[in-house]
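Q: Below is the file input-v1.cif, with mmCIF, C-alpha atoms.
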data_protein
loop_
_atom_site.label_atom_id
_atom_site.label_comp_id
_atom_site.auth_asym_id
_atom_site.auth_seq_id
_atom_site.Cartn_x
_atom_site.Cartn_y
_atom_site.Cartn_z
CA MET A 1 101.13 65.51 47.76
CA GLU A 2 99.81 67.30 50.86
CA ARG A 3 100.05 71.05 50.72
CA THR A 4 101.61 73.03 53.54
CA GLU A 5 99.60 75.44 55.63
CA ALA A 6 101.22 78.41 53.93
CA GLU A 7 100.25 77.00 50.52
CA LEU A 8 96.68 76.42 51.61
CA ILE A 9 96.37 79.95 53.02
CA SER A 10 97.92 81.43 49.90
CA ALA A 11 95.47 79.48 47.73
CA VAL A 12 92.49 80.71 49.77
CA LEU A 13 93.69 84.31 49.48
CA LYS A 14 93.92 83.88 45.70
CA GLY A 15 90.27 82.81 45.61
CA ASP A 16 90.39 79.04 46.03
CA ALA A 17 87.88 78.68 48.88
CA ALA A 18 88.10 74.87 48.79
CA SER A 19 91.63 75.09 50.19
CA PHE A 20 90.15 76.34 53.45
CA GLU A 21 88.56 72.98 54.25
CA PRO A 22 91.79 71.16 55.19
CA LEU A 23 92.47 73.93 57.72
CA ILE A 24 89.01 73.46 59.22
CA GLU A 25 89.55 69.70 59.43
CA LYS A 26 92.94 70.14 61.09
CA TYR A 27 92.18 72.77 63.71
CA SER A 28 88.49 72.31 64.52
CA PRO A 29 89.14 69.82 67.36
CA ARG A 30 91.24 72.40 69.18
CA VAL A 31 88.64 75.12 68.56
CA PHE A 32 85.87 72.83 69.77
CA ALA A 33 87.78 72.06 72.97
CA THR A 34 88.21 75.80 73.59
CA ALA A 35 84.56 76.57 72.91
CA ARG A 36 83.45 73.79 75.27
CA ARG A 37 85.19 75.59 78.12
CA TYR A 38 82.81 78.52 77.72
CA ALA A 39 79.51 77.05 76.57
CA ARG A 40 77.57 74.11 77.94
CA ARG A 41 75.04 73.36 75.21
CA GLU A 42 76.42 71.58 72.18
CA SER A 43 74.33 73.79 69.85
CA GLU A 44 76.02 76.88 71.34
CA VAL A 45 79.43 75.25 71.02
CA GLU A 46 78.82 74.56 67.32
CA ASP A 47 77.61 78.12 66.79
CA ILE A 48 80.76 79.48 68.39
CA VAL A 49 83.07 77.29 66.35
CA GLN A 50 81.23 78.11 63.15
CA GLU A 51 81.55 81.81 63.97
CA VAL A 52 85.28 81.37 64.57
CA TRP A 53 85.78 79.83 61.13
CA LEU A 54 83.66 82.43 59.37
CA LYS A 55 85.68 85.19 61.01
CA ALA A 56 88.93 83.38 60.18
CA TYR A 57 87.93 83.21 56.53
CA GLN A 58 86.95 86.88 56.38
CA LYS A 59 90.06 88.06 58.22
CA LEU A 60 92.55 85.72 56.61
CA LYS A 61 94.16 88.66 54.80
CA SER A 62 95.24 90.02 58.19
CA PHE A 63 97.23 86.84 58.96
CA ARG A 64 100.82 87.90 58.36
CA GLY A 65 102.47 84.53 58.87
CA GLU A 66 104.88 85.79 61.56
CA ALA A 67 103.44 83.36 64.11
CA PRO A 68 101.93 79.92 63.46
CA PHE A 69 98.41 79.92 62.03
CA GLU A 70 97.22 77.95 65.06
CA HIS A 71 98.18 80.79 67.42
CA TRP A 72 96.35 83.33 65.27
CA LEU A 73 93.31 81.08 65.09
CA MET A 74 93.23 80.39 68.82
CA ARG A 75 93.39 84.14 69.55
CA LEU A 76 90.35 84.55 67.32
CA ALA A 77 88.64 81.61 69.03
CA VAL A 78 89.18 82.97 72.55
CA ARG A 79 87.92 86.41 71.58
CA THR A 80 84.85 84.87 69.94
CA CYS A 81 84.19 82.86 73.11
CA TYR A 82 84.53 86.04 75.16
CA ASP A 83 82.00 87.80 72.91
CA PHE A 84 79.70 84.83 73.41
CA LEU A 85 80.03 85.08 77.21
CA ARG A 86 79.24 88.79 77.12
CA SER A 87 76.18 88.32 74.94
CA HIS A 88 74.89 85.44 77.07
CA GLN A 89 75.40 86.88 80.53
CA ARG A 90 72.92 85.30 82.88
CA ASN A 91 71.57 86.76 86.05
CA ARG A 92 74.38 85.84 88.40
CA GLU A 93 72.65 87.10 91.50
CA SER A 94 70.50 83.96 91.85
CA ALA A 95 71.32 81.93 94.90
CA PHE A 96 73.40 78.81 94.98
CA SER A 97 70.49 76.90 96.42
CA ASP A 98 69.93 74.83 93.28
CA LEU A 99 72.88 72.47 93.70
CA THR A 100 71.98 68.93 92.69
CA GLU A 101 72.16 66.06 95.16
CA PRO A 102 75.38 64.61 93.70
CA GLU A 103 77.01 68.07 93.91
CA ASP A 104 75.87 68.40 97.50
CA ASP A 105 77.23 64.94 98.29
CA TRP A 106 80.58 65.73 96.68
CA LEU A 107 80.85 68.95 98.72
CA GLU A 108 79.99 67.09 101.91
CA ARG A 109 82.65 64.50 101.14
CA PHE A 110 85.17 67.27 100.47
CA ILE A 111 84.46 68.98 103.80
CA HIS A 112 84.70 65.83 105.91
CA GLN A 113 87.21 63.80 103.91
CA PRO A 114 88.93 66.01 101.30
CA GLY A 115 91.02 63.09 100.01
CA GLU A 116 87.86 61.11 99.22
CA ALA A 117 86.42 63.80 97.00
CA ARG A 118 87.50 62.55 93.56
CA GLU A 119 88.59 64.99 90.93
CA ASP A 120 87.17 62.91 88.13
CA ALA A 121 83.70 62.71 89.62
CA ASP A 122 80.86 63.95 87.43
CA ALA A 123 79.47 65.96 90.32
CA ALA A 124 82.81 67.73 90.74
CA ARG A 125 82.91 68.61 87.03
CA GLN A 126 79.35 69.94 87.21
CA LEU A 127 80.15 71.96 90.30
CA VAL A 128 83.16 73.57 88.62
CA GLN A 129 81.05 74.40 85.59
CA ARG A 130 78.40 75.95 87.83
CA VAL A 131 80.95 78.11 89.66
CA LEU A 132 82.47 79.28 86.38
CA GLU A 133 79.05 80.15 85.01
CA TYR A 134 78.49 82.44 87.97
CA LEU A 135 81.58 84.48 87.18
CA SER A 136 81.42 87.63 85.06
CA PRO A 137 82.70 87.16 81.48
CA PRO A 138 86.13 88.75 82.05
CA ALA A 139 86.56 86.85 85.33
CA ARG A 140 85.60 83.56 83.72
CA LEU A 141 87.97 84.14 80.82
CA VAL A 142 90.90 85.01 83.07
CA ILE A 143 90.31 82.15 85.51
CA THR A 144 90.04 79.70 82.61
CA LEU A 145 93.19 80.91 80.86
CA LEU A 146 95.29 81.66 83.95
CA GLU A 147 94.31 79.01 86.49
CA ILE A 148 92.85 76.15 84.48
CA GLU A 149 94.93 76.32 81.30
CA ASP A 150 97.94 77.61 83.28
CA ARG A 151 98.93 80.30 80.78
CA SER A 152 101.21 83.18 81.62
CA VAL A 153 99.98 86.76 81.98
CA LYS A 154 101.97 87.69 78.87
CA ASP A 155 100.28 84.93 76.85
CA ILE A 156 96.85 86.00 78.05
CA SER A 157 97.65 89.57 77.09
CA LYS A 158 98.54 88.44 73.53
CA ILE A 159 95.48 86.20 73.23
CA THR A 160 92.91 88.68 74.53
CA GLY A 161 94.47 91.91 73.32
CA TRP A 162 94.38 93.30 76.87
CA SER A 163 97.43 95.05 78.28
CA VAL A 164 99.52 93.16 80.85
CA PRO A 165 98.41 95.48 83.72
CA LEU A 166 94.79 94.98 82.72
CA VAL A 167 95.19 91.21 82.75
CA LYS A 168 96.66 91.45 86.26
CA VAL A 169 93.84 93.67 87.48
CA ARG A 170 91.25 91.34 85.98
CA ALA A 171 92.97 88.32 87.49
CA PHE A 172 92.87 89.96 90.91
CA ARG A 173 89.18 90.77 90.54
CA ALA A 174 88.41 87.32 89.14
CA ARG A 175 89.95 85.59 92.16
CA ALA A 176 87.97 87.90 94.47
CA GLU A 177 84.78 87.01 92.56
CA MET A 178 85.50 83.33 92.84
CA ARG A 179 86.13 83.62 96.57
CA LYS A 180 82.86 85.48 96.95
CA ILE A 181 80.98 82.69 95.17
CA LEU A 182 82.63 80.01 97.26
CA ALA A 183 81.84 82.00 100.41
CA LYS A 184 78.22 82.04 99.29
CA ILE A 185 78.28 78.25 99.03
CA ALA A 186 79.67 78.08 102.53
CA LYS A 187 77.10 80.50 103.88
CA GLU A 188 74.07 78.93 102.20
CA LYS A 189 74.97 75.33 102.66
CA TYR A 190 77.27 74.83 105.53
CA LEU A 191 76.57 77.35 108.34
CA MET B 192 84.82 75.50 105.47
CA LYS B 193 88.26 76.03 103.95
CA GLN B 194 87.44 78.10 100.93
CA VAL B 195 91.01 78.31 99.70
CA GLU B 196 91.28 74.50 99.66
CA LEU B 197 87.92 74.25 97.92
CA GLU B 198 89.07 76.75 95.30
CA LYS B 199 92.27 74.76 94.71
CA LYS B 200 90.32 71.53 94.54
CA LEU B 201 87.86 72.91 91.99
CA ILE B 202 90.69 74.24 89.82
CA ALA B 203 92.34 70.81 90.04
CA VAL B 204 89.05 69.21 88.95
CA ALA B 205 88.85 71.56 85.95
CA ARG B 206 92.47 70.76 84.99
CA ALA B 207 91.96 67.04 85.37
CA ASN B 208 88.90 67.10 83.11
CA PRO B 209 89.74 68.95 79.91
CA PRO B 210 86.79 69.36 77.55
CA SER B 211 86.31 67.00 74.65
CA ASP B 212 87.77 67.98 71.26
CA HIS B 213 85.25 65.90 69.34
CA MET B 214 84.14 67.49 66.08
CA PRO B 215 80.64 66.56 64.88
CA PRO B 216 80.67 64.63 61.59
CA GLY B 217 80.11 66.80 58.52
CA PHE B 218 80.94 70.00 60.40
CA SER B 219 83.65 71.14 58.00
CA LYS B 220 81.35 70.56 55.01
CA ARG B 221 78.65 72.63 56.67
CA VAL B 222 81.03 75.53 57.27
CA MET B 223 82.34 75.34 53.70
CA ALA B 224 78.77 75.40 52.39
CA ILE B 225 78.11 78.61 54.32
CA LEU B 226 81.37 80.19 53.18
CA THR B 227 80.87 79.38 49.50
CA ALA B 228 77.21 80.48 49.57
CA ARG B 229 78.22 83.94 50.75
CA PRO B 230 78.74 86.50 47.98
CA VAL B 231 82.35 87.63 47.65
CA GLN B 232 82.61 91.19 48.79
CA ASP B 233 84.30 93.39 46.25
CA LEU B 234 84.99 96.66 48.03
CA TRP B 235 85.78 98.62 44.89
CA ALA B 236 82.53 97.51 43.26
CA ALA B 237 80.64 98.53 46.41
CA TRP B 238 82.38 101.91 46.34
CA ALA B 239 81.49 102.44 42.66
CA ARG B 240 77.88 101.46 43.36
CA GLY B 241 77.75 103.98 46.16
CA LEU B 242 79.04 106.72 43.87
CA TRP B 243 76.38 105.92 41.27
CA TYR B 244 73.66 105.99 43.91
CA ALA B 245 74.93 109.38 45.10
CA ALA B 246 75.04 110.79 41.53
CA ALA B 247 71.25 110.73 41.11
CA PRO B 248 70.45 112.96 44.11
CA CYS B 249 73.35 115.27 43.16
CA VAL B 250 71.89 115.74 39.66
CA ALA B 251 68.43 116.33 41.13
CA ILE B 252 69.78 118.99 43.50
CA MET B 253 71.66 120.63 40.64
CA ILE B 254 68.49 120.79 38.52
CA MET B 255 66.53 122.26 41.43
CA PHE B 256 69.10 124.98 42.05
CA SER B 257 69.33 125.75 38.33
CA ALA B 258 65.55 126.08 38.10
CA TRP B 259 65.47 128.28 41.16
CA ALA B 260 68.25 130.50 39.80
CA PHE B 261 66.52 130.71 36.41
CA PHE B 262 63.10 131.62 37.74
CA HIS B 263 64.36 133.97 40.41
CA ALA B 264 66.86 135.81 38.20
CA PRO B 265 66.44 139.67 38.29
CA GLN B 266 64.17 141.00 35.47
CA HIS B 267 66.09 143.48 33.24
CA THR B 268 64.71 145.01 30.00
CA ASN B 269 66.75 147.95 28.78
CA GLN B 270 68.34 148.02 32.08
CA ALA B 271 69.64 144.50 31.43
CA GLN B 272 72.54 146.12 29.71
CA ALA B 273 72.93 148.89 32.25
CA PRO B 274 74.85 146.87 34.82
CA SER B 275 77.27 145.64 32.15
CA ILE B 276 77.93 149.17 30.83
CA ASP B 277 78.33 150.34 34.37
CA LEU B 278 80.82 147.60 35.01
CA ALA B 279 82.76 148.37 31.86
CA GLN B 280 83.00 152.01 32.82
CA GLN B 281 84.17 151.11 36.29
CA LEU B 282 86.83 148.82 34.86
CA ASP B 283 88.06 151.63 32.62
CA ASN B 284 88.16 154.00 35.54
CA THR B 285 90.13 151.56 37.64
CA LEU B 286 92.69 150.85 34.93
CA LEU B 287 93.18 154.46 34.04
CA ALA B 288 93.32 155.64 37.64
CA ALA B 289 97.08 155.18 37.73
CA VAL B 290 97.53 157.11 34.49
CA ASP B 291 95.29 159.92 35.74
CA GLN B 292 97.29 160.10 38.92
CA ASN B 293 100.54 160.39 36.98
CA ASN B 294 99.09 163.18 34.87
CA GLN B 295 98.04 165.04 38.00
CA THR B 296 101.47 164.81 39.64
CA SER B 297 103.25 165.98 36.47
CA ASP B 298 100.91 168.96 36.25
CA SER B 299 101.78 169.91 39.82
CA GLY B 300 105.36 170.47 38.73
CA TRP B 301 107.58 167.59 39.70
#
With the file now loaded, output its structure as structure tokens.
A:
Amino acid sequence: MERTEAELISAVLKGDAASFEPLIEKYSPRVFATARRYARRESEVEDIVQEVWLKAYQKLKSFRGEAPFEHWLMRLAVRTCYDFLRSHQRNRESAFSDLTEPEDDWLERFIHQPGEAREDADAARQLVQRVLEYLSPPARLVITLLEIEDRSVKDISKITGWSVPLVKVRAFRARAEMRKILAKIAKEKYL
Amino acid sequence: MKQVELEKKLIAVARANPPSDHMPPGFSKRVMAILTARPVQDLWAAWARGLWYAAAPCVAIMIMFSAWAFFHAPQHTNQAQAPSIDLAQQLDNTLLAAVDQNNQTSDSGW
């Protein structure tokens, strides 16, 4: 008979480490999807997810069971991804001159015929990824949670541990950063 | 170029293309292997170990101070007893001071 989540967690806390594996099997896909929003290389994604599970195991005592385990785990995952972004900040001052030809073509198509620029195009996906990589870690986190995943400010506050006013301030700054990057594209490519 | 439209378009692209949730095969086993290989941290045992480690330097410091006190103690021969006699006399004087005072006031004719 399959054990419930609460039973599995209780067993792990009593010392039965093997009971942790079903939780890993169940929730890893969701954690992987989250990690892939913040890291490009598959090796980095695996490192992040592994780190999330190691932290979850160590901090399992702090899970009170008031909210679903998935919510607690996803909060841990987002914060681990944020730590990853901060520790892997790249030099964001480099110019946008290294767009690939497909990305250039997609942008051209968007300018002249916006309806023709497909949202499922590989070039579009790569361009989005490039823009996100140029954002600062807090900006990237807020844009991803607020605009892409369409979460509320209150949800983001619970997930990140930031206060609601801080989330709003960071959202404002993140949008300004994004506009600055897009203005750079316009200036460097399409003057 | 309409930057606002571009921003909206890029966000729409990101929403339309959620990342894959594929988990590499054997991933959970790998994580479990790391978890089970780690030693279980017993905080009380760590605390007890710390106390034992601290005991050795404490004993060493105590021996050093004892040796210092022993070798630097004041050298008394016959005079070794003098401070103790002196102290005894002073104690007597202090205790009997109240009695002496009473005797003096009764002599003065109360």
Q: Taking (90.1, 76.0, 57.1) as a centre in this file's frame and 9 Å as the limit, can you find every polymer residue with an atom that close, using all atoms listed in the file, and give them as a list of chain:residue names?
A: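 Here the neighbourhood of the point contains A:Leu8, A:Ile9, A:Ala17, A:Ala18, A:Ser19, A:Phe20, A:Glu21, A:Pro22, A:Leu23, A:Ile24, A:Glu25, A:Lys26, A:Tyr27, A:Ser28, A:Trp53, A:Ala56, A:Tyr57, B:Ser219, B:Met223.
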Q: Please provide the set of residues having any atom within 12 Å of segment 133-139 of chain A, restricted to only C-alpha atoms, with same-chain residues fewer than 6 positions apart removed, written as a ChimeraX atom specification.
A: /A:37-40,78-96,126-127,145-147,156,160,162,166-182,184-185
Q: Apply the PyMOL selection byres ((chain B) within 6 of (chain A)) to the structure shown and report the selected residues as a PDB file with C-alpha atoms, in the frame of the given file.
A:
ATOM      1  CA  LEU B 201      87.860  72.910  91.990  1.00  0.00           C
ATOM      2  CA  VAL B 204      89.050  69.210  88.950  1.00  0.00           C
ATOM      3  CA  ARG B 206      92.470  70.760  84.990  1.00  0.00           C
ATOM      4  CA  PRO B 210      86.790  69.360  77.550  1.00  0.00           C
ATOM      5  CA  SER B 211      86.310  67.000  74.650  1.00  0.00           C
ATOM      6  CA  ASP B 212      87.770  67.980  71.260  1.00  0.00           C
ATOM      7  CA  HIS B 213      85.250  65.900  69.340  1.00  0.00           C
ATOM      8  CA  MET B 214      84.140  67.490  66.080  1.00  0.00           C
ATOM      9  CA  SER B 219      83.650  71.140  58.000  1.00  0.00           C
TER      10      SER B 219
END
Q: Have a look at atom CA of Ser43 of chain A and atom CA of Pro215 of chain B and let me know their distance in Å, one decimal.
A: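 So the two atoms, atom CA of Ser43 of chain A and atom CA of Pro215 of chain B, lie 10.8 Å apart.
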Q: When you draw a straight line from atom CA of Ser10 of chain A to atom CA of Phe63 of chain A, how long is it in Å?
A: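 Calculated distance between atom CA of Ser10 of chain A and atom CA of Phe63 of chain A is 10.6 Å.
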Q: Between A:Lys14, A:Ile159, A:Asp47, A:Gly115, single out the one closest to Leu73 of chain A, counting all atoms listed in the file.
A: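 Once distances to Leu73 of chain A are computed over all atoms listed in the file, the minimum belongs to A:Ile159.
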Q: Please measure the separation of atom CA of Trp235 of chain B and atom CA of Pro248 of chain B, giving the value in Å to one decimal.
A: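 So the answer is 21.0 Å.
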